[in-house]
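Asker: Below is the structure I would like to discuss, written out as structure tokens.
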Amino acid sequence: MQKAWNEMDRNYSVTRFETELSIDELLSKYFDFEKTHKLCSACSGYAQTWACPPFDFEPEDFFRQFSVFRLIVDRIDNAGAADVDEAQQRLFTEKDRYDQEMLDLEKSIPESYGLAAQECVQCKKCARLSGHPCVHPDKMRYSLEAIGCFPVELVHDKFGFDILWSDGESIPEYYLLVAGVLKK
Ligand code: SF4
């Protein structure tokens, strides 16, 4: 399913792509926590928030609580962005809107879990850094990649396009927000 909108307060477009797959398919084709954990451990954000590994639970067990994954991808068009900063600002603005939408969807679907797109940015400094529990467990949600999935392959297989990144100087054609809702 695909839908596009261009609200009055945006000067760029966002297109949504959605599909569903079973948790069995997600785990068999797009999950390898050992591998993602190794990649995460080399990242500067490793263990910097409670939404990032290492965890005190097994991610596969977490996924096994559910049977269906509704994959929801928003593609943010970077056409007309004056510079790298403006394109990034679009991404940050849309991430806030998207993450809130996943939380709202979670509330509307019994026993579901709304994933976040990328890292947790709820607090300026995560409580984990001072050894305290998460201060917003009602808002903190894991991302697909944090708990062992490979969004690049998933998005390519399901929708036929790729996740693009900036090298810090170039503006990619679009940015993607990739997450969705896990359902019983
Ligand atoms: S909500 Fe705040 S305390 Fe919790 S994981 Fe996110 S940044 Fe850390």
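All residue names refer to the structure tokens as shown: chains lettered A, B, ... in order, residues numbered from 1 in each chain, ligands numbered from 1 in order.
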Using only C-alpha atoms and all ligand atoms, find each protein or nucleic acid residue lying at most 8 Å from ligand 1; present the set as an NGL selection string.
Answerer: :A and (48-52 or 120-128 or 132-137 or 139-141)
Asker: To test your reading of the structure, identify every residue in segment 19-184 of chain A that backbone DSSP assigns to strand (DSSP E or B), and report it as an NGL selection string.
Answerer: :A and (19-22 or 31 or 68-77 or 113-114 or 116 or 143 or 149 or 174-183)
Asker: Would you output that residue set with N, CA and C atoms, as an mmCIF file, in the first residue's frame?
Answerer:
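selection_22.cif written:
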```cif
data_model
loop_
_atom_site.group_PDB
_atom_site.id
_atom_site.type_symbol
_atom_site.label_atom_id
_atom_site.label_comp_id
_atom_site.auth_asym_id
_atom_site.auth_seq_id
_atom_site.Cartn_x
_atom_site.Cartn_y
_atom_site.Cartn_z
ATOM 1 N N THR A 19 3.327 -2.536 4.374
ATOM 2 C CA THR A 19 3.005 -3.920 4.070
ATOM 3 C C THR A 19 3.053 -4.715 5.381
ATOM 4 N N GLU A 20 2.605 -5.952 5.346
ATOM 5 C CA GLU A 20 2.687 -6.811 6.538
ATOM 6 C C GLU A 20 3.451 -8.081 6.213
ATOM 7 N N LEU A 21 4.199 -8.566 7.186
ATOM 8 C CA LEU A 21 4.858 -9.864 7.049
ATOM 9 C C LEU A 21 4.785 -10.578 8.389
ATOM 10 N N SER A 22 4.916 -11.890 8.327
ATOM 11 C CA SER A 22 4.850 -12.645 9.578
ATOM 12 C C SER A 22 6.146 -12.460 10.364
ATOM 13 N N PHE A 31 16.766 -11.041 10.378
ATOM 14 C CA PHE A 31 17.150 -10.929 11.787
ATOM 15 C C PHE A 31 18.421 -11.713 12.065
ATOM 16 N N VAL A 68 2.764 -10.842 13.794
ATOM 17 C CA VAL A 68 2.739 -10.075 12.537
ATOM 18 C C VAL A 68 3.501 -8.768 12.717
ATOM 19 N N PHE A 69 4.221 -8.389 11.663
ATOM 20 C CA PHE A 69 4.882 -7.078 11.667
ATOM 21 C C PHE A 69 4.298 -6.232 10.550
ATOM 22 N N ARG A 70 3.751 -5.100 10.938
ATOM 23 C CA ARG A 70 3.281 -4.128 9.942
ATOM 24 C C ARG A 70 4.423 -3.146 9.694
ATOM 25 N N LEU A 71 5.054 -3.301 8.569
ATOM 26 C CA LEU A 71 6.193 -2.445 8.194
ATOM 27 C C LEU A 71 5.657 -1.133 7.617
ATOM 28 N N ILE A 72 6.108 -0.018 8.178
ATOM 29 C CA ILE A 72 5.645 1.300 7.741
ATOM 30 C C ILE A 72 6.872 2.157 7.418
ATOM 31 N N VAL A 73 6.962 2.598 6.186
ATOM 32 C CA VAL A 73 8.121 3.374 5.741
ATOM 33 C C VAL A 73 7.652 4.720 5.201
ATOM 34 N N ASP A 74 8.228 5.790 5.697
ATOM 35 C CA ASP A 74 7.960 7.123 5.154
ATOM 36 C C ASP A 74 9.184 7.580 4.370
ATOM 37 N N ARG A 75 8.955 7.943 3.112
ATOM 38 C CA ARG A 75 10.052 8.433 2.264
ATOM 39 C C ARG A 75 9.943 9.950 2.154
ATOM 40 N N ILE A 76 10.965 10.629 2.658
ATOM 41 C CA ILE A 76 10.973 12.103 2.720
ATOM 42 C C ILE A 76 11.789 12.636 1.558
ATOM 43 N N ASP A 77 11.127 13.353 0.689
ATOM 44 C CA ASP A 77 11.776 13.875 -0.515
ATOM 45 C C ASP A 77 12.699 15.039 -0.148
ATOM 46 N N TYR A 113 3.126 -3.324 19.709
ATOM 47 C CA TYR A 113 4.328 -2.566 20.105
ATOM 48 C C TYR A 113 4.741 -1.703 18.917
ATOM 49 N N GLY A 114 4.745 -0.387 19.118
ATOM 50 C CA GLY A 114 5.139 0.531 18.053
ATOM 51 C C GLY A 114 6.627 0.803 18.099
ATOM 52 N N ALA A 116 10.322 2.468 17.049
ATOM 53 C CA ALA A 116 10.788 3.816 16.702
ATOM 54 C C ALA A 116 11.663 3.741 15.459
ATOM 55 N N SER A 143 14.255 0.393 18.063
ATOM 56 C CA SER A 143 14.208 0.445 16.599
ATOM 57 C C SER A 143 14.449 -0.965 16.074
ATOM 58 N N CYS A 149 17.430 -6.456 13.514
ATOM 59 C CA CYS A 149 16.953 -6.593 12.129
ATOM 60 C C CYS A 149 17.793 -5.762 11.159
ATOM 61 N N TYR A 174 16.424 11.213 -1.093
ATOM 62 C CA TYR A 174 15.393 11.115 -0.049
ATOM 63 C C TYR A 174 15.998 10.494 1.199
ATOM 64 N N TYR A 175 15.305 10.681 2.304
ATOM 65 C CA TYR A 175 15.614 9.936 3.527
ATOM 66 C C TYR A 175 14.427 9.046 3.829
ATOM 67 N N LEU A 176 14.682 7.976 4.590
ATOM 68 C CA LEU A 176 13.599 7.059 4.962
ATOM 69 C C LEU A 176 13.460 6.968 6.482
ATOM 70 N N LEU A 177 12.236 6.839 6.920
ATOM 71 C CA LEU A 177 11.937 6.450 8.300
ATOM 72 C C LEU A 177 11.375 5.044 8.209
ATOM 73 N N VAL A 178 12.030 4.103 8.894
ATOM 74 C CA VAL A 178 11.650 2.690 8.766
ATOM 75 C C VAL A 178 11.346 2.113 10.145
ATOM 76 N N ALA A 179 10.143 1.701 10.362
ATOM 77 C CA ALA A 179 9.777 1.006 11.602
ATOM 78 C C ALA A 179 8.397 0.371 11.380
ATOM 79 N N GLY A 180 7.509 0.517 12.324
ATOM 80 C CA GLY A 180 6.180 -0.087 12.167
ATOM 81 C C GLY A 180 5.651 -0.594 13.489
ATOM 82 N N VAL A 181 4.734 -1.541 13.403
ATOM 83 C CA VAL A 181 4.061 -2.023 14.603
ATOM 84 C C VAL A 181 4.093 -3.554 14.642
ATOM 85 N N LEU A 182 4.483 -4.079 15.798
ATOM 86 C CA LEU A 182 4.441 -5.538 16.023
ATOM 87 C C LEU A 182 3.091 -5.881 16.623
ATOM 88 N N LYS A 183 2.443 -6.905 16.051
ATOM 89 C CA LYS A 183 1.084 -7.229 16.498
ATOM 90 C C LYS A 183 0.999 -8.703 16.910
#
```
Asker: Using DSSP secondary structure from the backbone, list all alpha helix (DSSP H) positions within segment 37-92 of chain A, as a ChimeraX atom specification.
Answerer: /A:37-41,59-63,84-92
Asker: Store the residues picked out above in a file with N, CA, C and O atoms, as a compact mmCIF listing (two decimals), in the first residue's frame.
Answerer:
```txt
# COMPACT_ATOMS: atom_id res chain seq x y z
N HIS A 37 24.49 -6.71 16.68
CA HIS A 37 25.11 -6.30 17.94
C HIS A 37 26.59 -5.97 17.72
O HIS A 37 27.12 -5.00 18.27
N LYS A 38 27.23 -6.75 16.89
CA LYS A 38 28.64 -6.50 16.58
C LYS A 38 28.79 -5.14 15.89
O LYS A 38 29.68 -4.35 16.21
N LEU A 39 27.88 -4.86 14.94
CA LEU A 39 27.92 -3.57 14.24
C LEU A 39 27.63 -2.43 15.22
O LEU A 39 28.30 -1.40 15.22
N CYS A 40 26.62 -2.64 16.07
CA CYS A 40 26.25 -1.60 17.04
C CYS A 40 27.40 -1.30 18.00
O CYS A 40 27.61 -0.15 18.41
N SER A 41 28.14 -2.34 18.38
CA SER A 41 29.19 -2.14 19.38
C SER A 41 30.32 -1.26 18.85
O SER A 41 31.12 -0.74 19.62
N PRO A 59 16.51 -10.45 22.15
CA PRO A 59 15.65 -9.84 21.15
C PRO A 59 14.75 -10.84 20.40
O PRO A 59 13.61 -10.52 20.09
N GLU A 60 15.26 -12.03 20.15
CA GLU A 60 14.40 -13.00 19.44
C GLU A 60 13.15 -13.33 20.27
O GLU A 60 12.05 -13.43 19.75
N ASP A 61 13.34 -13.48 21.59
CA ASP A 61 12.19 -13.75 22.47
C ASP A 61 11.22 -12.59 22.45
O ASP A 61 10.00 -12.78 22.51
N PHE A 62 11.78 -11.39 22.38
CA PHE A 62 10.93 -10.20 22.30
C PHE A 62 10.03 -10.28 21.05
O PHE A 62 8.82 -10.11 21.12
N PHE A 63 10.63 -10.57 19.90
CA PHE A 63 9.84 -10.66 18.66
C PHE A 63 8.82 -11.79 18.73
O PHE A 63 7.73 -11.68 18.17
N VAL A 84 22.69 20.45 3.23
CA VAL A 84 22.64 19.21 4.02
C VAL A 84 21.84 19.42 5.30
O VAL A 84 21.05 18.56 5.71
N ASP A 85 22.03 20.57 5.94
CA ASP A 85 21.33 20.84 7.20
C ASP A 85 19.82 20.89 7.01
O ASP A 85 19.07 20.38 7.85
N GLU A 86 19.38 21.50 5.93
CA GLU A 86 17.93 21.58 5.71
C GLU A 86 17.34 20.19 5.48
O GLU A 86 16.27 19.86 6.00
N ALA A 87 18.06 19.36 4.72
CA ALA A 87 17.57 17.99 4.49
C ALA A 87 17.51 17.23 5.82
O ALA A 87 16.55 16.51 6.10
N GLN A 88 18.53 17.41 6.65
CA GLN A 88 18.55 16.72 7.94
C GLN A 88 17.43 17.21 8.85
O GLN A 88 16.84 16.43 9.59
N GLN A 89 17.17 18.50 8.77
CA GLN A 89 16.10 19.05 9.59
C GLN A 89 14.76 18.44 9.20
O GLN A 89 13.91 18.16 10.05
N ARG A 90 14.56 18.21 7.90
CA ARG A 90 13.33 17.54 7.45
C ARG A 90 13.23 16.17 8.11
O ARG A 90 12.17 15.76 8.59
N LEU A 91 14.37 15.45 8.13
CA LEU A 91 14.38 14.11 8.71
C LEU A 91 14.03 14.16 10.20
O LEU A 91 13.20 13.38 10.68
N PHE A 92 14.65 15.10 10.94
CA PHE A 92 14.39 15.18 12.39
C PHE A 92 12.93 15.53 12.66
O PHE A 92 12.29 14.97 13.55
```
Asker: What is the distance, in Å and to one decimal place, between atom CA of Asp104 of chain A and atom CA of Leu144 of chain A?
Answerer: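 According to the coordinates, atom CA of Asp104 of chain A and atom CA of Leu144 of chain A are separated by 17.9 Å.
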Asker: Between A:Leu129, A:Ile171, A:Val155, A:Leu27, which has the minimum distance to Ala47 of chain A (counting only C-alpha atoms)?
Answerer: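 Looking only at the distances to Ala47 of chain A, the closest residue turns out to be A:Leu129.
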Asker: Let me make sure I understand: among A:Phe150, A:Phe66, A:Tyr142, A:Tyr46, which one has the smallest atom-to-atom distance to Ser112 of chain A if we use only C-alpha atoms?
Answerer: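 Closest candidate: A:Phe66.
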Asker: What's the separation between atom CA of Ala79 of chain A and atom CA of Arg10 of chain A, in Å to one decimal place?
Answerer: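 Result for atom CA of Ala79 of chain A versus atom CA of Arg10 of chain A: 12.2 Å, one decimal.
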Asker: What separation in Å, quoted to one decimal, exists between atom CA of Asp56 of chain A and atom CA of Asp32 of chain A?
Answerer: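 Taking atom CA of Asp56 of chain A and atom CA of Asp32 of chain A, their separation equals 16.8 Å.
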Asker: Using only C-alpha atoms, which residue out of A:Leu164, A:Asp83, A:Val14, A:Glu119 lies closest to Asp99 of chain A?
Answerer: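 Checking each of A:Leu164, A:Asp83, A:Val14, A:Glu119 against Asp99 of chain A, counting only C-alpha atoms, the winner is A:Glu119.
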